[in-house]
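Participant: What follows is input.txt, compact mmCIF, C-alpha atoms and all ligand atoms.
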# COMPACT_ATOMS: atom_id res chain seq x y z
CA MET A 22 7.84 -5.96 99.28
CA ARG A 23 6.09 -4.74 102.34
CA ILE A 24 5.97 -1.52 104.30
CA ARG A 25 6.48 -2.14 108.00
CA LYS A 26 6.34 1.31 109.50
CA ILE A 27 5.44 4.85 108.55
CA HIS A 28 6.77 7.91 110.27
CA LEU A 29 5.51 11.41 109.46
CA ILE A 30 6.49 14.74 110.94
CA HIS A 31 4.69 17.94 109.94
CA TYR A 32 3.39 16.34 106.78
CA ARG A 33 0.22 18.18 105.69
CA ASN A 34 -2.22 17.85 108.62
CA TYR A 35 -0.01 15.34 110.50
CA ARG A 36 2.05 16.65 113.40
CA LEU A 37 3.65 13.38 114.35
CA LEU A 38 2.69 9.91 113.23
CA ARG A 39 4.28 6.55 113.90
CA CYS A 40 2.35 3.66 112.57
CA GLU A 41 3.04 -0.03 112.09
CA LEU A 42 1.21 -1.59 109.17
CA GLY A 43 -0.30 -5.06 108.88
CA LYS A 44 1.12 -7.55 106.38
CA THR A 45 -1.89 -7.77 104.10
CA ILE A 46 -4.94 -5.52 104.06
CA ASN A 47 -4.87 -2.27 106.02
CA ILE A 48 -7.87 0.01 106.27
CA PHE A 49 -7.69 3.62 107.31
CA TYR A 50 -11.16 4.66 108.24
CA GLY A 51 -12.28 8.17 109.04
CA GLU A 52 -14.55 11.05 108.19
CA ASN A 53 -13.81 13.53 105.41
CA ALA A 54 -10.80 15.84 105.71
CA GLN A 55 -9.06 13.84 108.46
CA GLY A 56 -5.87 12.91 106.56
CA LYS A 57 -6.65 9.66 104.74
CA THR A 58 -5.51 10.76 101.29
CA ASN A 59 -2.58 12.61 102.83
CA LEU A 60 -1.27 9.38 104.31
CA LEU A 61 -1.37 7.52 100.99
CA GLU A 62 0.19 10.52 99.33
CA ALA A 63 3.13 10.38 101.75
CA ILE A 64 3.72 6.70 100.95
CA HIS A 65 3.47 7.44 97.24
CA TYR A 66 6.08 10.14 97.70
CA LEU A 67 8.68 7.62 98.80
CA SER A 68 8.06 5.53 95.71
CA TYR A 69 8.03 8.23 93.01
CA GLY A 70 9.50 11.30 94.66
CA LYS A 71 6.23 13.16 94.14
CA SER A 72 2.58 13.27 95.09
CA PHE A 73 -0.17 11.68 93.00
CA ARG A 74 -1.98 14.99 93.19
CA LYS A 75 -0.73 17.74 90.94
CA VAL A 76 0.93 19.79 93.69
CA LYS A 77 4.30 21.18 94.62
CA ASP A 78 6.52 19.76 97.37
CA ARG A 79 5.93 22.80 99.54
CA ASP A 80 2.19 22.05 99.62
CA LEU A 81 3.04 18.84 101.46
CA ILE A 82 4.56 20.67 104.40
CA ALA A 83 2.25 21.57 107.30
CA PHE A 84 1.02 25.15 106.80
CA ASP A 85 2.80 26.56 109.84
CA GLN A 86 6.08 24.64 109.50
CA PRO A 87 9.27 25.17 107.49
CA GLU A 88 9.87 21.48 106.74
CA SER A 89 8.41 18.02 106.87
CA TYR A 90 9.65 14.46 107.09
CA ILE A 91 8.43 11.16 105.66
CA GLY A 92 10.07 7.89 106.68
CA LEU A 93 9.22 4.32 105.70
CA GLU A 94 10.66 1.06 106.90
CA LEU A 95 10.53 -1.44 104.11
CA GLU A 96 10.95 -5.18 103.97
CA ARG A 97 12.12 -6.60 100.67
CA GLY A 98 13.37 -10.14 100.16
CA ASN A 99 15.49 -10.73 103.23
CA GLY A 100 16.53 -7.13 103.59
CA HIS A 101 15.20 -4.15 105.46
CA HIS A 102 15.44 -0.63 104.18
CA LEU A 103 14.76 2.83 105.45
CA LEU A 104 13.46 5.34 102.91
CA GLU A 105 13.35 8.97 103.96
CA ALA A 106 12.48 12.36 102.52
CA LYS A 107 12.90 15.74 104.10
CA LEU A 108 10.95 18.48 102.35
CA VAL A 109 11.73 22.12 102.92
CA LYS A 110 9.92 25.33 102.03
CA GLU A 111 13.22 27.04 101.26
CA GLY A 112 16.06 25.12 99.58
CA THR A 113 16.14 21.63 98.17
CA LYS A 114 14.60 18.44 99.46
CA LYS A 115 16.73 15.59 100.73
CA VAL A 116 16.06 11.96 99.98
CA ARG A 117 17.92 9.15 101.72
CA ILE A 118 18.00 5.39 101.45
CA ASP A 119 19.45 3.56 104.43
CA ARG A 120 20.78 6.91 105.68
CA MET A 121 22.73 7.58 102.47
CA ALA A 122 21.82 10.61 100.37
CA VAL A 123 20.27 9.73 97.03
CA ASP A 124 20.33 12.01 94.03
CA ARG A 125 18.49 9.82 91.56
CA ILE A 126 14.86 9.78 92.71
CA LYS A 127 14.42 6.65 90.60
CA GLU A 128 16.34 4.68 93.25
CA LEU A 129 13.33 4.98 95.55
CA ASN A 130 11.13 3.31 92.98
CA GLU A 131 13.65 0.52 92.53
CA LEU A 132 13.07 -0.42 96.17
CA LEU A 133 9.44 0.49 96.73
CA TYR A 134 6.90 0.10 93.97
CA VAL A 135 3.41 1.28 94.82
CA ILE A 136 0.36 1.34 92.59
CA ALA A 137 -2.18 3.96 93.58
CA PHE A 138 -5.86 3.64 92.69
CA ILE A 139 -7.56 6.99 92.89
CA PRO A 140 -11.18 7.85 92.01
CA GLU A 141 -10.04 9.80 88.94
CA ASP A 142 -8.72 6.54 87.47
CA LEU A 143 -12.29 5.29 87.23
CA ARG A 144 -13.05 8.14 84.86
CA LEU A 145 -10.39 7.13 82.36
CA VAL A 146 -12.80 6.09 79.63
CA LYS A 147 -14.95 9.17 79.61
CA GLY A 148 -12.11 11.61 80.18
CA SER A 149 -10.45 13.56 77.37
CA PRO A 150 -7.83 12.13 74.98
CA LYS A 151 -5.31 14.20 76.93
CA ASP A 152 -6.26 12.36 80.14
CA ARG A 153 -5.74 9.03 78.44
CA ARG A 154 -2.41 10.11 76.94
CA GLU A 155 -1.27 11.30 80.33
CA PHE A 156 -2.34 8.00 81.83
CA ILE A 157 -0.40 5.86 79.37
CA ASP A 158 2.62 8.16 79.60
CA ARG A 159 2.58 8.04 83.37
CA GLU A 160 2.32 4.26 83.49
CA LEU A 161 4.92 3.74 80.80
CA SER A 162 7.35 6.19 82.39
CA LYS A 163 7.10 4.31 85.66
CA LEU A 164 7.82 0.99 84.04
CA LYS A 165 10.35 2.17 81.47
CA PRO A 166 12.58 5.10 82.46
CA VAL A 167 13.98 5.30 78.90
CA TYR A 168 10.48 6.17 77.75
CA ALA A 169 10.19 9.03 80.22
CA ASN A 170 13.40 10.40 78.81
CA LYS A 171 12.27 10.15 75.18
CA LEU A 172 8.98 11.78 76.06
CA GLN A 173 10.72 14.72 77.67
CA GLN A 174 12.88 15.19 74.59
CA TYR A 175 9.83 14.96 72.36
CA GLU A 176 7.99 17.60 74.35
CA ARG A 177 10.95 19.95 74.08
CA VAL A 178 11.21 19.45 70.33
CA LEU A 179 7.45 19.88 69.94
CA LYS A 180 7.49 23.18 71.80
CA GLN A 181 10.34 24.54 69.68
CA ARG A 182 8.76 23.32 66.49
CA ASN A 183 5.43 24.97 67.32
CA LEU A 184 7.24 28.20 67.98
CA LEU A 185 9.04 27.96 64.63
CA LEU A 186 5.81 27.14 62.78
CA LYS A 187 4.44 30.43 64.03
CA MET A 188 7.56 32.30 62.96
CA VAL A 189 8.13 30.94 59.42
CA ALA A 190 5.08 32.80 58.08
CA TYR A 191 6.95 36.09 58.26
CA ASP A 192 10.51 34.80 58.48
CA PRO A 193 11.15 32.22 55.70
CA GLU A 194 14.78 32.01 56.85
CA LYS A 195 13.51 29.85 59.69
CA GLU A 196 12.54 27.03 57.29
CA LYS A 197 15.97 25.47 57.56
CA ILE A 198 15.98 25.18 61.32
CA LEU A 199 12.35 24.08 61.23
CA SER A 200 13.32 21.12 59.06
CA VAL A 201 15.86 20.05 61.70
CA TYR A 202 13.11 20.04 64.33
CA THR A 203 10.76 18.22 61.97
CA ALA A 204 13.33 15.45 61.57
CA GLN A 205 13.68 15.19 65.34
CA LEU A 206 9.92 15.19 65.80
CA ILE A 207 9.63 12.28 63.39
CA ASP A 208 12.47 10.38 64.98
CA LEU A 209 11.37 10.73 68.62
CA GLY A 210 7.66 10.67 67.84
CA SER A 211 7.93 7.39 65.94
CA GLN A 212 9.77 5.77 68.83
CA ILE A 213 7.11 6.95 71.26
CA ILE A 214 4.30 5.65 69.07
CA LYS A 215 6.04 2.30 68.66
CA THR A 216 6.67 1.93 72.42
CA ARG A 217 3.07 2.83 73.22
CA GLN A 218 1.80 0.31 70.66
CA VAL A 219 3.90 -2.53 72.05
CA PHE A 220 3.10 -1.68 75.64
CA LEU A 221 -0.61 -1.36 74.98
CA ALA A 222 -0.71 -4.79 73.35
CA GLN A 223 0.98 -6.31 76.40
CA TRP A 224 -1.34 -4.42 78.71
CA GLU A 225 -4.40 -5.37 76.71
CA GLY A 226 -3.66 -9.04 77.30
CA TYR A 227 -4.03 -8.65 81.06
CA ALA A 228 -6.87 -6.12 80.94
CA LYS A 229 -8.90 -8.33 78.59
CA ASP A 230 -8.59 -11.28 80.92
CA LEU A 231 -9.61 -9.24 83.99
CA HIS A 232 -12.46 -7.58 82.17
CA GLY A 233 -13.78 -10.98 81.09
CA LYS A 234 -13.76 -12.16 84.70
CA ILE A 235 -15.45 -9.06 86.13
CA SER A 236 -18.17 -9.14 83.47
CA ASP A 237 -18.81 -12.90 83.82
CA HIS A 238 -17.37 -13.33 80.33
CA LYS A 239 -20.26 -11.45 78.80
CA GLU A 240 -18.03 -8.68 77.53
CA GLU A 241 -14.82 -8.59 75.58
CA LEU A 242 -12.47 -5.66 75.96
CA ASP A 243 -10.13 -4.41 73.26
CA MET A 244 -7.64 -1.58 73.61
CA VAL A 245 -6.59 0.12 70.40
CA TYR A 246 -3.90 2.72 69.99
CA GLU A 247 -5.45 5.40 67.83
CA SER A 248 -2.87 7.38 65.95
CA GLY A 249 -2.74 9.84 63.09
CA VAL A 250 0.34 7.92 61.98
CA GLN A 251 0.01 4.41 60.58
CA GLY A 252 2.47 1.54 60.52
CA GLU A 253 3.54 -1.58 62.39
CA THR A 254 7.31 -1.43 62.34
CA LEU A 255 9.34 1.58 63.43
CA ASP A 256 10.38 2.17 59.81
CA GLU A 257 6.81 2.10 58.56
CA ILE A 258 5.78 4.53 61.31
CA ARG A 259 8.63 6.88 60.42
CA GLN A 260 7.78 6.84 56.74
CA ASP A 261 4.11 7.48 57.33
CA PHE A 262 4.87 10.24 59.84
CA GLU A 263 7.01 11.99 57.25
CA LYS A 264 4.34 11.54 54.58
CA GLN A 265 1.57 12.88 56.83
CA LEU A 266 3.63 15.92 57.75
CA LYS A 267 4.13 16.72 54.07
CA VAL A 268 0.38 16.54 53.52
CA MET A 269 -0.19 18.82 56.51
CA LYS A 270 2.54 21.28 55.56
CA ASP A 271 0.37 24.28 54.69
CA GLU A 272 -2.20 23.67 57.39
CA GLU A 273 0.50 23.46 60.06
CA ARG A 274 1.89 26.80 58.96
CA THR A 275 -1.53 28.43 58.90
CA LYS A 276 -2.44 27.12 62.31
CA GLY A 277 1.05 27.58 63.73
CA THR A 278 1.12 24.24 65.50
CA SER A 279 2.12 20.58 65.00
CA LEU A 280 -0.96 18.71 63.87
CA ILE A 281 0.32 15.18 63.86
CA GLY A 282 2.26 12.98 66.28
CA PRO A 283 1.91 11.13 69.59
CA HIS A 284 0.71 14.35 71.30
CA ARG A 285 -2.51 14.04 69.28
CA ASP A 286 -3.10 10.31 69.69
CA ASP A 287 -5.61 8.49 71.86
CA ILE A 288 -6.50 5.09 73.26
CA LEU A 289 -9.73 3.56 72.13
CA PHE A 290 -11.54 1.11 74.41
CA LEU A 291 -13.95 -1.28 72.74
CA ILE A 292 -16.51 -3.48 74.47
CA ASN A 293 -17.68 -6.27 72.19
CA GLY A 294 -16.32 -4.24 69.30
CA LYS A 295 -18.13 -1.00 70.20
CA ASP A 296 -16.53 2.26 71.31
CA ALA A 297 -16.93 2.37 75.11
CA ARG A 298 -16.75 6.19 75.19
CA ILE A 299 -19.95 6.40 73.18
CA TYR A 300 -21.92 3.25 73.93
CA ALA A 301 -20.90 1.91 77.33
CA SER A 302 -22.94 2.58 80.46
CA GLN A 303 -21.31 4.28 83.41
CA GLY A 304 -20.86 0.91 85.16
CA GLN A 305 -19.29 -0.64 82.06
CA GLN A 306 -16.92 2.29 81.71
CA ARG A 307 -15.81 1.81 85.28
CA THR A 308 -15.23 -1.88 84.69
CA VAL A 309 -13.00 -1.01 81.76
CA ALA A 310 -11.05 1.51 83.82
CA LEU A 311 -10.72 -0.93 86.68
CA SER A 312 -9.50 -3.77 84.44
CA VAL A 313 -6.97 -1.46 82.83
CA LYS A 314 -5.69 -0.30 86.19
CA LEU A 315 -5.63 -3.79 87.72
CA ALA A 316 -3.66 -5.00 84.72
CA GLU A 317 -0.83 -2.79 85.95
CA ILE A 318 -0.38 -5.06 88.95
CA HIS A 319 0.35 -7.98 86.66
CA LEU A 320 2.58 -5.93 84.38
CA VAL A 321 4.64 -4.86 87.37
CA GLU A 322 4.95 -8.41 88.62
CA GLU A 323 6.07 -9.52 85.17
CA ILE A 324 8.64 -6.76 84.79
CA PHE A 325 10.01 -6.51 88.35
CA HIS A 326 9.32 -10.00 89.73
CA GLU A 327 8.09 -8.35 92.90
CA LYS A 328 4.69 -7.73 94.38
CA PRO A 329 3.87 -4.01 94.45
CA VAL A 330 2.19 -2.35 97.42
CA LEU A 331 -1.32 -1.22 96.53
CA LEU A 332 -2.83 2.07 97.66
CA LEU A 333 -6.57 2.56 97.28
CA ASP A 334 -7.90 5.99 97.95
CA ASP A 335 -11.62 5.76 98.49
CA VAL A 336 -12.12 3.77 95.31
CA LEU A 337 -14.21 0.94 96.70
CA SER A 338 -17.13 3.12 97.70
CA GLU A 339 -17.61 4.02 94.04
CA LEU A 340 -18.13 0.40 93.02
CA ASP A 341 -21.07 -1.95 93.34
CA ALA A 342 -20.90 -5.07 95.53
CA LYS A 343 -19.80 -7.42 92.77
CA ARG A 344 -16.94 -5.33 91.43
CA ARG A 345 -15.92 -4.47 94.95
CA GLN A 346 -15.68 -8.13 95.88
CA PHE A 347 -13.66 -8.92 92.77
CA LEU A 348 -11.21 -6.21 93.67
CA ILE A 349 -10.91 -7.28 97.26
CA GLU A 350 -10.18 -10.85 96.20
CA THR A 351 -7.36 -9.55 94.00
CA PHE A 352 -5.91 -7.57 96.86
CA ARG A 353 -5.72 -10.32 99.42
CA SER A 354 -2.33 -11.51 98.17
CA PHE A 355 -0.78 -8.03 98.31
CA GLN A 356 -0.04 -5.57 101.02
CA THR A 357 -2.86 -3.13 100.41
CA ILE A 358 -3.64 0.15 102.10
CA ILE A 359 -7.23 1.23 101.72
CA THR A 360 -8.82 4.46 102.85
CA THR A 361 -12.53 4.92 103.28
CA ALA A 362 -15.20 6.98 104.99
CA ASP A 363 -17.78 4.33 104.20
CA ASN A 364 -18.88 1.73 106.70
CA THR A 365 -20.14 -0.70 104.08
CA VAL A 366 -16.63 -0.89 102.64
CA MET A 367 -15.39 -2.03 106.05
CA GLU A 368 -18.08 -4.68 106.16
CA SER A 369 -17.18 -6.06 102.75
CA ILE A 370 -13.54 -6.55 103.81
CA GLN A 371 -14.16 -7.78 107.34
CA HIS A 372 -13.82 -11.48 106.42
CA LEU A 373 -10.20 -10.98 105.34
CA ASN A 374 -9.09 -9.90 108.80
CA PRO A 375 -7.77 -6.51 107.86
CA THR A 376 -5.73 -4.33 110.16
CA ILE A 377 -7.96 -1.37 110.94
CA PHE A 378 -6.94 2.16 111.82
CA TYR A 379 -9.10 5.08 112.70
CA ILE A 380 -7.98 8.51 111.51
CA GLN A 381 -9.08 11.72 113.12
CA GLU A 382 -7.49 15.11 112.54
CA GLY A 383 -4.17 13.63 111.53
CA ARG A 384 -4.02 11.20 114.43
CA VAL A 385 -4.18 7.48 113.86
CA ASN A 386 -5.37 4.79 116.25
CA ARG A 387 -5.23 1.11 115.61
CA GLU A 388 -8.46 -0.70 116.34
CA ASP A 389 -8.84 -4.36 117.13
CA SER A 390 -12.44 -4.48 116.05
CA VAL A 391 -14.97 -2.06 114.62
N1 LIG A 401 0.03 21.63 103.95
C1 LIG A 401 -0.98 21.39 104.80
N2 LIG A 401 -0.87 21.71 106.11
C2 LIG A 401 -1.87 21.44 106.97
N3 LIG A 401 -3.03 20.87 106.64
C3 LIG A 401 -3.18 20.51 105.36
C4 LIG A 401 -2.17 20.75 104.37
N4 LIG A 401 -2.60 20.30 103.18
C5 LIG A 401 -3.83 19.80 103.41
N5 LIG A 401 -4.18 19.91 104.69
C6 LIG A 401 -5.44 19.47 105.34
O1 LIG A 401 -5.47 18.08 105.44
C7 LIG A 401 -6.81 17.71 105.64
C8 LIG A 401 -7.05 16.28 105.28
O2 LIG A 401 -6.88 16.08 103.89
P1 LIG A 401 -7.11 14.66 103.18
O3 LIG A 401 -7.17 14.95 101.74
O4 LIG A 401 -6.10 13.68 103.61
O5 LIG A 401 -8.53 14.25 103.75
P2 LIG A 401 -9.29 12.86 103.62
O6 LIG A 401 -9.32 12.25 104.97
O7 LIG A 401 -8.73 12.08 102.51
O8 LIG A 401 -10.75 13.36 103.30
P3 LIG A 401 -11.83 12.86 102.21
O9 LIG A 401 -12.54 11.73 102.86
O10 LIG A 401 -12.71 14.03 102.04
O11 LIG A 401 -11.11 12.50 100.97
C9 LIG A 401 -7.63 18.76 104.90
O12 LIG A 401 -8.59 19.31 105.78
C10 LIG A 401 -6.64 19.81 104.49
O13 LIG A 401 -7.07 21.11 104.78
MG MG A 402 -9.40 11.72 100.58
Could you spell out this file's structure in structure tokens?
Facilitator:
Amino acid sequence: MRIRKIHLIHYRNYRLLRCELGKTINIFYGENAQGKTNLLEAIHYLSYGKSFRKVKDRDLIAFDQPESYIGLELERGNGHHLLEAKLVKEGTKKVRIDRMAVDRIKELNELLYVIAFIPEDLRLVKGSPKDRREFIDRELSKLKPVYANKLQQYERVLKQRNLLLKMVAYDPEKEKILSVYTAQLIDLGSQIIKTRQVFLAQWEGYAKDLHGKISDHKEELDMVYESGVQGETLDEIRQDFEKQLKVMKDEERTKGTSLIGPHRDDILFLINGKDARIYASQGQQRTVALSVKLAEIHLVEEIFHEKPVLLLDDVLSELDAKRRQFLIETFRSFQTIITTADNTVMESIQHLNPTIFYIQEGRVNREDSV
């Protein structure tokens, strides 16, 4: 798939933008606060129906305007498509595909699949367990909508169960209803753990291979799903979950919260068998994060049989020459949109004949040479 044109009206700091993208590598170059991330964010919006920053739709509308528009012309197989979103400060947004209203946001993603690389991704290894859980949940939800659904149900059950755990201390009548929620927690939680385990194993295969290449085969990466619940099969997981909850019974009631389940799990990254969180250098941690993120490209190709569009927000400037070059080589066979404020990044991509744009205060000019 390939994005041909972008059209923005009153999107963040853009008044009006019409831009035709190159087929392979596109660079948007500009100083800080000119609209580079905003542009990638707009493209991301038409793939997932939301920003990659944790913001509300109304934040995407230019400060002084009531609404904004994002349009993308897409080429896919032999077909052309027009994806559009109209965001409004009051009322509900409208999303259209080929001028027909769409109510399932997922339909956007079925046509346009983007993978965004943002600087925060490079901090995956040293982030908190919550960051890593959010990462795996986000990736899995994109690839498997059924998972997103299960996760939502689990979170609802978890919230209710935590509430009940706080109440049973002075209202023993609540034990009965609590046991219903416990059963649901075990059922949904086990499925989530199992899906994460399977997915992580698949993911690890690709990440291991990439990590080996980036580190000149000096390092071996392992990704381990770290869970309070043990077991290989779904049944084993269920049984252990139930057992663990029985052990935790009193503690859960004292603390008034659910102490076991996928909401407490983590992903462990090992380099040559050692925990990367504790022993890896900053550079090694970044290599791990990069390999993990790059693996997504291959997962997507395997699942969708399509090449995703890659968005790189200022990521290259955080990498040394060798890792940067590795990344750039990977990107040459994809349509990639890179933003940077760094001249050396431009120089390292120059040999691939990128299409270059200069961004200033929400205006974009195509440049033939730098
Ligand atoms: N809703 C909005 N309306 C108008 N302007 C906005 C809105 N939201 C953000 N901006 C402005 O957009 C500008 C550009 O933001 P953006 O994050 O795209 O910059 P950038 O070019 O990526 O900069 P950096 O290199 O620092 O990452 C900011 O100065 C911000 O104030
Ligand atoms: Mg930016």
Participant: To check your reading of the model: which residues sit at most 6 Å from ligand LIG 401 (chain A) when counting only C-alpha atoms and all ligand atoms? Write the answer as a short mmCIF file (atom, residue, chain, number, x, y, z; two decimals) with C-alpha atoms, in the frame of the given file.
Facilitator:
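Output contents, as saved in result-v3.cif:
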data_model
loop_
_atom_site.label_atom_id
_atom_site.label_comp_id
_atom_site.auth_asym_id
_atom_site.auth_seq_id
_atom_site.Cartn_x
_atom_site.Cartn_y
_atom_site.Cartn_z
CA ARG A 33 0.22 18.18 105.69
CA ASN A 34 -2.22 17.85 108.62
CA GLU A 52 -14.55 11.05 108.19
CA ASN A 53 -13.81 13.53 105.41
CA ALA A 54 -10.80 15.84 105.71
CA GLN A 55 -9.06 13.84 108.46
CA GLY A 56 -5.87 12.91 106.56
CA LYS A 57 -6.65 9.66 104.74
CA THR A 58 -5.51 10.76 101.29
CA ASN A 59 -2.58 12.61 102.83
CA ASP A 80 2.19 22.05 99.62
CA LEU A 81 3.04 18.84 101.46
CA ILE A 82 4.56 20.67 104.40
CA ALA A 83 2.25 21.57 107.30
CA PHE A 84 1.02 25.15 106.80
CA ALA A 362 -15.20 6.98 104.99
#
Participant: What is the distance, in Å and to one decimal place, between CA of His238 (chain A) and CA of Ile292 (chain A)?
Facilitator: 11.5 Å
Participant: Check the smallest atom-to-atom distance from each of A:Arg259, A:Arg25, A:Asp335, A:Gly98 to ligand MG 402 (chain A) using all atoms listed in the file, then report the winner.
Facilitator: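 Nearest to ligand MG 402 (chain A): A:Asp335.
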Participant: Pick the closest to Phe352 (chain A) from A:Leu61, A:Ile318, A:Met121, A:Ile377: which is it, counting all atoms listed in the file?
Facilitator: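 Closest to Phe352 (chain A), using all atoms listed in the file: A:Ile318.
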Participant: So which one's closest to ligand MG 402 (chain A), A:Leu333, A:Leu280, A:Ala342, A:Val178? Using all atoms listed in the file, please.
Facilitator: A:Leu333
Participant: Nearest to ligand MG 402 (chain A) among A:Thr361, A:His284, A:Leu348, A:Gly304, with distances taken over all atoms listed in the file: which residue is it?
Facilitator: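 Answer, going by the shortest atom-to-atom distance: A:Thr361.
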Participant: Neighbourhood query: residues within 10 Å of (-7.8, 2.5, 116.7), file coordinates, counting all atoms listed in the file; return as a list in words.
Facilitator: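 Answer for this query, in the requested form: Phe49, Tyr50, Thr376, Ile377, Phe378, Tyr379, Ile380, Gln381, Arg384, Val385, Asn386, Arg387, Glu388, Asp389, Ser390 and Val391 of chain A.
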Participant: Between CA of Phe355 (chain A) and CA of Lys328 (chain A), what is the spacing in Å?
Facilitator: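 Between CA of Lys328 (chain A) and CA of Phe355 (chain A) the gap is 6.7 Å.
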Participant: Any idea what's packed within 8 Å of Gln356 (chain A), counting only C-alpha atoms, ignoring anything in its chain fewer than 4 positions away? Could you give it as a compact mmCIF listing (two decimals) with C-alpha atoms, in the frame of the given file?
Facilitator:
# COMPACT_ATOMS: atom_id res chain seq x y z
CA ARG A 23 6.09 -4.74 102.34
CA ILE A 24 5.97 -1.52 104.30
CA GLY A 43 -0.30 -5.06 108.88
CA LYS A 44 1.12 -7.55 106.38
CA THR A 45 -1.89 -7.77 104.10
CA ILE A 46 -4.94 -5.52 104.06
CA ASN A 47 -4.87 -2.27 106.02
CA PRO A 329 3.87 -4.01 94.45
CA VAL A 330 2.19 -2.35 97.42
CA LEU A 331 -1.32 -1.22 96.53
CA PHE A 352 -5.91 -7.57 96.86
